[in-house]
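Engineer: First, the structure itself, so that you have it in front of you.
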Amino acid sequence: LVYSLARTAGEVAPIRLVLVGVAVSAILRAATNYLVYTAPQEAAVRQATFWMLGGLSGAEGSDVLFPLIVLAGSAVLLYLLAMPLNAMMMGDSSAVTLGVNINLVRKILIADSALLTASAVSVSGCIGFVGLVVPHVTRLISRTNDNRIVMPMSALLGAVFILWADAFARCAFGAVELPIGIVTAFIGAPFFMFLMIRSGYGGEKA
């Protein structure tokens with residue numbers, strides 16, 4: 001839906017894709033909030049709210065199988081697309097000159113990202129800012145923009161970040177367990193703003 005609405009003259013500009021995604025997300029979140037608000041059972045409302053903010057407490061070992069299969073297939077696909085992604089980081093015109101079909105690559109990436117996100121959210125709920133912050137941290141640590149290194153390293157650092165956030169959410173306030181989404185938002189949002197300010201809102205220095 002987002003991709004279809006973001007298309008103009010057969011092409012999809014990244015900034016338009018982001019803006020349309022924000023708008024569609026706001027509409028669907030409003031619909032979700034309406035369903036939660038009108039739910040007849042208070043316990044169900046609390047459980048749904050906890051899931052919307054993210055957490056690992058309700059996940060079981062059997063729940064990991066499907067996300068693991070999706071992750072394995074996506075890892076192979078993303079590694080094969082690492083070089084075209086490297087070319088696209090230099091700009092669309094440069095990538096096209098190098099023979100990259102940018103529209104096809106974007107379609108594949110959007111479909112794969114949606115499947116990866118859906119498989120994770122179905123188990124853990126909505127945990128934000130991990131994908132926004134961890135890749136930037138990975139680039140700062142590895143000092144490279146090569147996606148053959150950045151993507152697998154981001155996956156590992158993202159997993160470590162989630163584990164530490166989960167440990168903090170379980171232990172920091174005694175018997176009260178916070179949703180992980182609250183912890184990652186408090187950590188991720190200020191750090192992301194710092195990265196934006198540091199790069200002059202253009203991304204050149206980051």
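Just remember, in the structure tokens the first chain shown is A, the second B, etc., residues are 1-based per chain, and ligands are 1-based in the order shown.
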Among range 144-184 of chain A, which residues does DSSP mark as alpha helix (DSSP H) when it is run on the backbone? Keep the chain and numbering as in the structure and answer as number ranges by chain.
Structural biologist: A: 147-171, 180-184
Engineer: Among chain A, which residues carry a DSSP assignment of strand (DSSP E or B), reported as number ranges by chain?
Structural biologist: A: 7-8, 11-12
Engineer: Excluding Gly54 in chain A and any residue of its chain fewer than 5 positions from it, enumerate the residues within 9 Å of it, using only C-alpha atoms, and give them as a PyMOL selection string.
Structural biologist: chain A and resi 49+121+124-128+179-182
Engineer: Per residue of range 134-184 of chain A within 9 Å of range 85-100 of chain A, note the shortest atom pair and the distance in Å to one decimal, counting only C-alpha atoms, and order the rows by chain and increasing residue number, as a tab-separated table.
Structural biologist:
```
residue	atom	partner	partner_atom	distance
A:Asn145	CA	A:Asn86	CA	7.6
A:Asp146	CA	A:Asn86	CA	6.4
A:Asn147	CA	A:Asn86	CA	6.4
A:Arg148	CA	A:Asn86	CA	8.8
```
Engineer: Counting only C-alpha atoms, what is within 8 Å of range 10-26 of chain A, bar same-chain residues fewer than 6 positions away, as an MDAnalysis selection string?
Structural biologist: chainID A and resid 2:3 103
Engineer: Which neighbours of Ser119 in chain A fall inside 12 Å, counting only C-alpha atoms, when residues of the same chain fewer than 6 positions from it are skipped, and could you give them as an mmCIF file with C-alpha atoms, in the first residue's frame?
Structural biologist:
```
data_model
loop_
_atom_site.group_PDB
_atom_site.id
_atom_site.type_symbol
_atom_site.label_atom_id
_atom_site.label_comp_id
_atom_site.auth_asym_id
_atom_site.auth_seq_id
_atom_site.Cartn_x
_atom_site.Cartn_y
_atom_site.Cartn_z
ATOM 1 C CA ASP A 63 7.335 -18.760 18.356
ATOM 2 C CA VAL A 64 10.891 -18.258 17.099
ATOM 3 C CA LEU A 65 10.720 -20.836 14.284
ATOM 4 C CA PHE A 66 8.942 -18.721 11.671
ATOM 5 C CA PRO A 67 10.998 -15.542 12.281
ATOM 6 C CA LEU A 68 14.151 -17.665 12.154
ATOM 7 C CA ILE A 69 13.214 -19.087 8.748
ATOM 8 C CA VAL A 70 12.418 -15.607 7.439
ATOM 9 C CA LEU A 71 15.682 -14.260 8.852
ATOM 10 C CA SER A 74 16.499 -12.651 4.145
ATOM 11 C CA ASP A 112 11.727 -8.256 2.349
ATOM 12 C CA SER A 113 11.749 -5.544 5.028
ATOM 13 C CA GLY A 125 5.212 -6.563 19.473
ATOM 14 C CA CYS A 126 6.332 -3.141 18.274
#
```
Engineer: Can you pull out every residue within 12 Å of Leu157 in chain A, counting only C-alpha atoms, but drop anything in the same chain fewer than 2 positions away, and send it as a PyMOL selection string?
Structural biologist: chain A and resi 130-131+133-139+141-142+150-155+159-164
Engineer: Mind dumping the selected residues with N, CA and C atoms as a JSON list (two decimals), in the first residue's frame?
Structural biologist:
```json
[["chain", "number", "residue", "atom", "x", "y", "z"],
["A", 130, "VAL", "N", 15.28, 0.57, 16.96],
["A", 130, "VAL", "CA", 16.43, -0.33, 16.82],
["A", 130, "VAL", "C", 17.01, -0.21, 15.42],
["A", 131, "GLY", "N", 16.16, -0.28, 14.41],
["A", 131, "GLY", "CA", 16.63, -0.19, 13.04],
["A", 131, "GLY", "C", 17.11, 1.19, 12.64],
["A", 133, "VAL", "N", 18.78, 3.31, 14.86],
["A", 133, "VAL", "CA", 19.98, 3.66, 15.60],
["A", 133, "VAL", "C", 21.13, 2.69, 15.35],
["A", 134, "VAL", "N", 20.85, 1.39, 15.40],
["A", 134, "VAL", "CA", 21.93, 0.39, 15.37],
["A", 134, "VAL", "C", 22.78, 0.46, 14.10],
["A", 135, "PRO", "N", 22.21, 0.62, 12.90],
["A", 135, "PRO", "CA", 23.08, 0.71, 11.71],
["A", 135, "PRO", "C", 24.04, 1.89, 11.77],
["A", 136, "HIS", "N", 23.60, 3.03, 12.33],
["A", 136, "HIS", "CA", 24.50, 4.18, 12.46],
["A", 136, "HIS", "C", 25.63, 3.88, 13.42],
["A", 137, "VAL", "N", 25.30, 3.22, 14.55],
["A", 137, "VAL", "CA", 26.32, 2.83, 15.50],
["A", 137, "VAL", "C", 27.30, 1.86, 14.86],
["A", 138, "THR", "N", 26.77, 0.95, 14.06],
["A", 138, "THR", "CA", 27.62, -0.03, 13.38],
["A", 138, "THR", "C", 28.62, 0.65, 12.45],
["A", 139, "ARG", "N", 28.14, 1.65, 11.71],
["A", 139, "ARG", "CA", 29.04, 2.38, 10.81],
["A", 139, "ARG", "C", 30.11, 3.15, 11.59],
["A", 141, "ILE", "N", 31.35, 2.26, 14.48],
["A", 141, "ILE", "CA", 32.29, 1.29, 15.05],
["A", 141, "ILE", "C", 33.16, 0.68, 13.98],
["A", 142, "SER", "N", 32.54, 0.25, 12.89],
["A", 142, "SER", "CA", 33.28, -0.46, 11.83],
["A", 142, "SER", "C", 34.04, 0.49, 10.90],
["A", 150, "VAL", "N", 28.26, -4.09, 7.17],
["A", 150, "VAL", "CA", 27.33, -3.34, 8.02],
["A", 150, "VAL", "C", 26.08, -4.16, 8.34],
["A", 151, "MET", "N", 25.51, -4.85, 7.35],
["A", 151, "MET", "CA", 24.24, -5.55, 7.60],
["A", 151, "MET", "C", 24.37, -6.69, 8.60],
["A", 152, "PRO", "N", 25.30, -7.64, 8.43],
["A", 152, "PRO", "CA", 25.40, -8.70, 9.45],
["A", 152, "PRO", "C", 25.83, -8.18, 10.81],
["A", 153, "MET", "N", 26.71, -7.17, 10.83],
["A", 153, "MET", "CA", 27.13, -6.60, 12.10],
["A", 153, "MET", "C", 25.98, -5.87, 12.78],
["A", 154, "SER", "N", 25.14, -5.21, 12.00],
["A", 154, "SER", "CA", 23.96, -4.54, 12.56],
["A", 154, "SER", "C", 23.00, -5.54, 13.17],
["A", 155, "ALA", "N", 22.85, -6.69, 12.53],
["A", 155, "ALA", "CA", 21.96, -7.72, 13.07],
["A", 155, "ALA", "C", 22.45, -8.21, 14.43],
["A", 159, "ALA", "N", 20.62, -7.40, 18.09],
["A", 159, "ALA", "CA", 20.22, -8.46, 19.02],
["A", 159, "ALA", "C", 20.76, -8.20, 20.42],
["A", 160, "VAL", "N", 22.04, -7.78, 20.49],
["A", 160, "VAL", "CA", 22.63, -7.46, 21.79],
["A", 160, "VAL", "C", 21.90, -6.29, 22.45],
["A", 161, "PHE", "N", 21.58, -5.27, 21.67],
["A", 161, "PHE", "CA", 20.86, -4.11, 22.18],
["A", 161, "PHE", "C", 19.51, -4.50, 22.76],
["A", 162, "ILE", "N", 18.78, -5.37, 22.05],
["A", 162, "ILE", "CA", 17.47, -5.81, 22.52],
["A", 162, "ILE", "C", 17.60, -6.62, 23.82],
["A", 163, "LEU", "N", 18.61, -7.47, 23.91],
["A", 163, "LEU", "CA", 18.80, -8.27, 25.12],
["A", 163, "LEU", "C", 19.07, -7.38, 26.34],
["A", 164, "TRP", "N", 19.93, -6.37, 26.16],
["A", 164, "TRP", "CA", 20.22, -5.46, 27.26],
["A", 164, "TRP", "C", 19.01, -4.62, 27.61]]
```
Engineer: Considering only C-alpha atoms, state which residue in the set A:Ala185, A:Leu109, A:Leu195, A:Ala169 is at the smallest distance from Ala75 in chain A.
Structural biologist: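 Ranking A:Ala185, A:Leu109, A:Leu195, A:Ala169 by distance to Ala75 in chain A, first place goes to A:Leu109.
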